[in-house]
Amino acid sequence: VGMPSEPGVTVGAPGWVGATPPTGSNHSAIVAAVVGGVVVVLLVLCLGLVGGFFLLRDEETAASGPKATAPAGPSTGGGPTASATPTPVEEPVVQGPQASAYPAEKIEDLNRVCDEDVYYPELPKRAGKAPHPVVLLLADTPGLRYKDDGYYYDLGLSKKVEQTWASEDPRTVQMVACLDRVSAGSTIRTCKFDDPKPQTLPLVRTSWRLRVYEAATGRKLLEKTMTGDDQKCPYVVMVGADRKIYAEVSDRAAIAALRNLVTR
């Protein structure tokens with residue numbers, strides 16, 4: 001017998017109770033919950049990824065910052081200190097007088113003491129009891145030097161005097177005196193000559209430099225400027241291309257300049 005159904009109750013199979021279908025708003029709530037859960041999961045995942053991204057960026061920044069210490073790479077050779085071959089070192093130039101590579105065998109060899117800053121270690125030093133032998137070497141023309149053999153005549157003509165003031169044997173010489181013409185000035189007078197033909201030449205004021213060296217060491221013992229005090233016209237003169245006569249240092253002035261070194 002059919003029973004009238006009560007409102008809101010659905011008759012179904014035994015043991016089953018029919019549930020009221022969810023309304024549209026509930027479905028929306030479920031969907032919203034599901035979507036919200038998905039969003040939360042995505043946010044968590046994204047935050048984890050973003051956190052990892054920022055961490056990576058921080059590591060990169062720290063690695064490239066000014067305080068970071070990067071491992072040194074191999075030198076490429078392009079830096080200012082890199083060099084494929086060692087730089088050669090120049091030997092310093094030796095200053096001062098140098099010992100001669102060979103002994104003095106003639107008086108002319110002693111010109112090198114004046115002009116080449118050379119000394120002869122085998123020669124005797126200026127030591128012991130006086131006198132101390134000297135030779136006077138003149139340079140009144142550029143490139144030409146010669147021994148004065150007669151300036152000492154006022155002291156006597158004995159062999160001993162000659163060996164002291166103008167020795168012919170370089171092995172006995174202790175000192176070398178170098179007398180060089182260095183400048184010329186105004187005319188003192190005009191000198192007349194008849195041979196080989198009549199002519200006149202000016203005698204000019206002249207400045208000289210005297211240097212005295214120990215022959216065995218090159219040690220300088222004296223240096224002074226001297227005036228050409230011999231202002232007489234000479235009997236014989238060698239004339240250069242400038243056709244001038246230069247006032248010379250007199251014999252007496254040369255002896256006076258050397259006396260203390262020779263006799264003390």
# chains A, B, ... in the order shown; residues from 1 in each chain; ligands from 1
$ residues_around --residues "range 99-110 of chain A" --least-positions-apart "2" --cutoff "12 Å" --atoms "only C-alpha atoms" --output "PyMOL selection string"
chain A and resi 94-97+112-124+134-138+144-149+166-178+213-219
$ residues_around --residues "Asp251 in chain A" --least-positions-apart "6" --cutoff "12 Å" --atoms "only C-alpha atoms" --output "compact mmCIF listing (two decimals) with C-alpha atoms, in the first residue's frame"
# COMPACT_ATOMS: atom_id res chain seq x y z
CA LEU A 136 156.45 68.38 -15.62
CA ASP A 148 159.60 70.22 -20.02
CA ASP A 149 163.32 69.43 -19.89
CA GLY A 150 164.69 72.84 -18.93
CA TYR A 151 162.48 74.60 -16.37
CA TYR A 152 164.68 73.44 -13.46
CA TYR A 153 167.99 74.89 -14.75
CA ASP A 154 168.04 77.64 -12.14
CA LEU A 155 168.44 74.88 -9.51
CA TRP A 165 162.93 67.49 -11.40
CA GLY A 228 151.10 83.05 -17.73
CA ASP A 229 153.55 85.40 -16.04
CA ASP A 230 156.30 85.14 -18.67
CA ALA A 257 154.48 75.67 -7.23
CA LEU A 258 156.17 72.25 -7.03
CA ARG A 259 158.88 72.92 -4.45
$ atom_distance --atom1 "CA of Asn260 in chain A" --atom2 "CA of Ala184 in chain A"
28.3 Å
$ residues_around --residues "Ile188 in chain A" --least-positions-apart "3" --cutoff "9 Å" --atoms "only C-alpha atoms" --output "list in words"
Gly185, Pro202, Leu203, Val204, Arg205, Gln231 and Ala247 of chain A
$ write_last_selection --atoms "N, CA and C atoms" --output "PDB file, in the first residue's frame"
ATOM      1  N   GLY A 185     143.285  85.596 -23.196  1.00  0.00           N
ATOM      2  CA  GLY A 185     142.593  86.874 -23.092  1.00  0.00           C
ATOM      3  C   GLY A 185     143.128  87.920 -24.047  1.00  0.00           C
ATOM      4  N   PRO A 202     150.676  88.634 -32.025  1.00  0.00           N
ATOM      5  CA  PRO A 202     150.278  89.142 -30.717  1.00  0.00           C
ATOM      6  C   PRO A 202     150.645  88.153 -29.600  1.00  0.00           C
ATOM      7  N   LEU A 203     151.153  88.670 -28.497  1.00  0.00           N
ATOM      8  CA  LEU A 203     151.369  87.885 -27.281  1.00  0.00           C
ATOM      9  C   LEU A 203     150.169  88.140 -26.374  1.00  0.00           C
ATOM     10  N   VAL A 204     149.425  87.087 -26.006  1.00  0.00           N
ATOM     11  CA  VAL A 204     148.159  87.274 -25.279  1.00  0.00           C
ATOM     12  C   VAL A 204     148.253  86.717 -23.863  1.00  0.00           C
ATOM     13  N   ARG A 205     147.440  87.298 -22.988  1.00  0.00           N
ATOM     14  CA  ARG A 205     147.345  86.809 -21.611  1.00  0.00           C
ATOM     15  C   ARG A 205     146.739  85.407 -21.609  1.00  0.00           C
ATOM     16  N   GLN A 231     155.868  87.227 -19.813  1.00  0.00           N
ATOM     17  CA  GLN A 231     155.242  88.089 -20.810  1.00  0.00           C
ATOM     18  C   GLN A 231     156.255  88.745 -21.745  1.00  0.00           C
ATOM     19  N   ALA A 247     151.208  83.634 -23.396  1.00  0.00           N
ATOM     20  CA  ALA A 247     152.125  83.870 -22.275  1.00  0.00           C
ATOM     21  C   ALA A 247     152.219  82.604 -21.430  1.00  0.00           C
TER      22      ALA A 247
END
$ select_by_dssp --residues "range 76-156 of chain A" --states "strand (DSSP E or B)" --output "MDAnalysis selection string"
chainID A and resid 98:99 118:119 134:141 144:147
$ write_last_selection --atoms "N, CA and C atoms" --output "short mmCIF file (atom, residue, chain, number, x, y, z; two decimals), in the first residue's frame"
data_model
loop_
_atom_site.label_atom_id
_atom_site.label_comp_id
_atom_site.auth_asym_id
_atom_site.auth_seq_id
_atom_site.Cartn_x
_atom_site.Cartn_y
_atom_site.Cartn_z
N GLN A 98 142.14 54.62 -12.93
CA GLN A 98 142.25 53.19 -13.16
C GLN A 98 143.71 52.79 -13.31
N ALA A 99 144.04 51.61 -12.83
CA ALA A 99 145.41 51.11 -12.95
C ALA A 99 145.70 50.78 -14.40
N VAL A 118 144.84 57.55 -15.53
CA VAL A 118 145.48 56.25 -15.34
C VAL A 118 146.63 56.42 -14.35
N TYR A 119 146.89 55.37 -13.57
CA TYR A 119 148.07 55.37 -12.71
C TYR A 119 148.84 54.06 -12.91
N VAL A 134 159.76 64.31 -9.68
CA VAL A 134 158.59 64.75 -10.42
C VAL A 134 158.97 64.98 -11.88
N VAL A 135 158.02 64.87 -12.76
CA VAL A 135 158.20 65.30 -14.15
C VAL A 135 157.09 66.30 -14.46
N LEU A 136 157.41 67.35 -15.23
CA LEU A 136 156.45 68.38 -15.62
C LEU A 136 156.08 68.16 -17.08
N LEU A 137 154.81 67.88 -17.34
CA LEU A 137 154.32 67.59 -18.68
C LEU A 137 153.39 68.71 -19.13
N LEU A 138 153.76 69.40 -20.21
CA LEU A 138 153.03 70.58 -20.69
C LEU A 138 152.05 70.20 -21.80
N ALA A 139 150.92 70.93 -21.84
CA ALA A 139 149.97 70.83 -22.95
C ALA A 139 149.56 72.25 -23.31
N ASP A 140 150.33 72.88 -24.22
CA ASP A 140 150.00 74.24 -24.65
C ASP A 140 149.27 74.25 -25.99
N THR A 141 149.09 73.06 -26.56
CA THR A 141 148.34 72.88 -27.79
C THR A 141 147.40 71.70 -27.60
N LEU A 144 148.36 67.77 -27.72
CA LEU A 144 149.82 67.62 -27.74
C LEU A 144 150.37 67.89 -26.34
N ARG A 145 151.09 66.90 -25.80
CA ARG A 145 151.70 67.05 -24.48
C ARG A 145 153.16 66.60 -24.57
N TYR A 146 154.03 67.33 -23.89
CA TYR A 146 155.46 67.00 -23.94
C TYR A 146 156.10 67.34 -22.60
N LYS A 147 157.26 66.76 -22.36
CA LYS A 147 158.00 66.95 -21.11
C LYS A 147 158.84 68.22 -21.18
#
$ closest_residue --among "A:Leu157, A:Ala241, A:Leu221, A:Met226" --to "Ala256 in chain A" --atoms "only C-alpha atoms"
A:Met226
$ atom_distance --atom1 "CA of Asp195 in chain A" --atom2 "CA of Met238 in chain A"
12.1 Å
